[in-house]
Amino acid sequence: MRTPYGYTRHEPGTITINQEQAAVVCLIYELYLQGKSLGGIAAVLKEQGISSPTGKPVWARAAVDNVLCNRRYAPHIITEDQFWEAQLERDRRTNLEPDNRTRRTARYNSQNVLSGLLICGECGRNYRRITRPSGEVVWRCADKVENGKRAACSNRATVTDEEIRGIICEQLNLDVFDEATVAEAIEAIEISGTEIAIHMKASLSHSMQAM
């Protein structure tokens, strides 16, 4: 089996982390989760004089994508959360369904509603949606997702998608989670430690107090 970029194979068959290349792997994930395209990441690597895995001065988009989809980087070089967040982002950016090549419609609407509302109560960054290997969906501070142990934010609070939806439904007296209603009613949801504070939009907050 070919040794992935970021690792070095030694005799007799032992593999260690190549610290210099591992730093490049971390950079690629960080740039991607910040919104950079594959081509944009390749441009940054070129500007920094970082050669591709084959020694070329320019990284191919496919080479960047290969790093992003390689499961063997987690948890040794990047965190599990970073890896699965990158997979979600890769899926989100894909414009065509792989099975029937038809255009996607609103597959991610419910995800986007919460992505814009959940905010870390400590650092102010958004919470990121993560799909764990088990299939469970959770939300964590973007700083923790991107930087793991190197994160400046100390907020370790993780909330499940099911839990936050339940809290929202209770707050809005909804029997079923409705994206449109949530977007119209809630300004932000602040998560810090064990506390979750829902901030209503001003107009709706006044009408609810009047009731």
# chains A, B, ... in the order shown; residues from 1 in each chain; ligands from 1

$ closest_atom_pairs --of "range 37-135 of chain A" --to "range 147-159 of chain A" --cutoff "12 Å" --atoms "only C-alpha atoms" --output "tab-separated table"
residue	atom	partner	partner_atom	distance
A:Ala74	CA	A:Gly148	CA	11.5
A:Pro75	CA	A:Gly148	CA	10.3
A:His76	CA	A:Gly148	CA	11.6
A:Ile77	CA	A:Gly148	CA	10.4
A:Ile78	CA	A:Gly148	CA	7.8
A:Thr79	CA	A:Gly148	CA	6.2
A:Glu80	CA	A:Gly148	CA	9.2
A:Asp81	CA	A:Gly148	CA	8.2
A:Gln82	CA	A:Gly148	CA	7.9
A:Phe83	CA	A:Gly148	CA	11.2
A:Leu114	CA	A:Val159	CA	12.0
A:Leu118	CA	A:Val159	CA	10.2
A:Ile119	CA	A:Asn155	CA	11.1
A:Cys120	CA	A:Asn155	CA	7.5
A:Gly121	CA	A:Asn155	CA	8.0
A:Glu122	CA	A:Asn155	CA	6.4
A:Cys123	CA	A:Cys153	CA	5.9
A:Gly124	CA	A:Cys153	CA	9.4
A:Arg125	CA	A:Cys153	CA	9.4
A:Asn126	CA	A:Cys153	CA	11.9
A:Tyr127	CA	A:Thr158	CA	9.2
A:Arg128	CA	A:Thr158	CA	10.0
A:Arg129	CA	A:Val159	CA	9.8
A:Ile130	CA	A:Thr158	CA	10.1

$ select_by_dssp --residues "chain A" --states "alpha helix (DSSP H)" --output "PyMOL selection string"
chain A and resi 19-33+38-47+61-68+80-93+109-115+142-147+161-172+179-185+202-210

$ closest_residue --among "A:Ala22, A:Asp91, A:Leu117, A:Ala86" --to "Ala197 in chain A" --atoms "only C-alpha atoms"
A:Leu117

$ select_by_dssp --residues "chain A" --states "strand (DSSP E or B)" --output "PyMOL selection string"
chain A and resi 7-10+14-17+96+103+118-120+126-131+137-141+159-160+186-192+195-200

$ atom_distance --atom1 "CA of Met200 in chain A" --atom2 "CA of Glu89 in chain A"
28.6 Å

$ atom_distance --atom1 "CA of Ala183 in chain A" --atom2 "CA of Gln87 in chain A"
25.8 Å

$ residues_around --residues "Val24 in chain A" --least-positions-apart "4" --cutoff "9 Å" --atoms "only C-alpha atoms" --output "PyMOL selection string"
chain A and resi 6+19-20+28-29+45+50

$ closest_residue --among "A:Ala142, A:Val176, A:Val44, A:Cys169" --to "Val64 in chain A" --atoms "only C-alpha atoms"
A:Val44

$ atom_distance --atom1 "CA of Thr160 in chain A" --atom2 "CA of Val138 in chain A"
4.1 Å
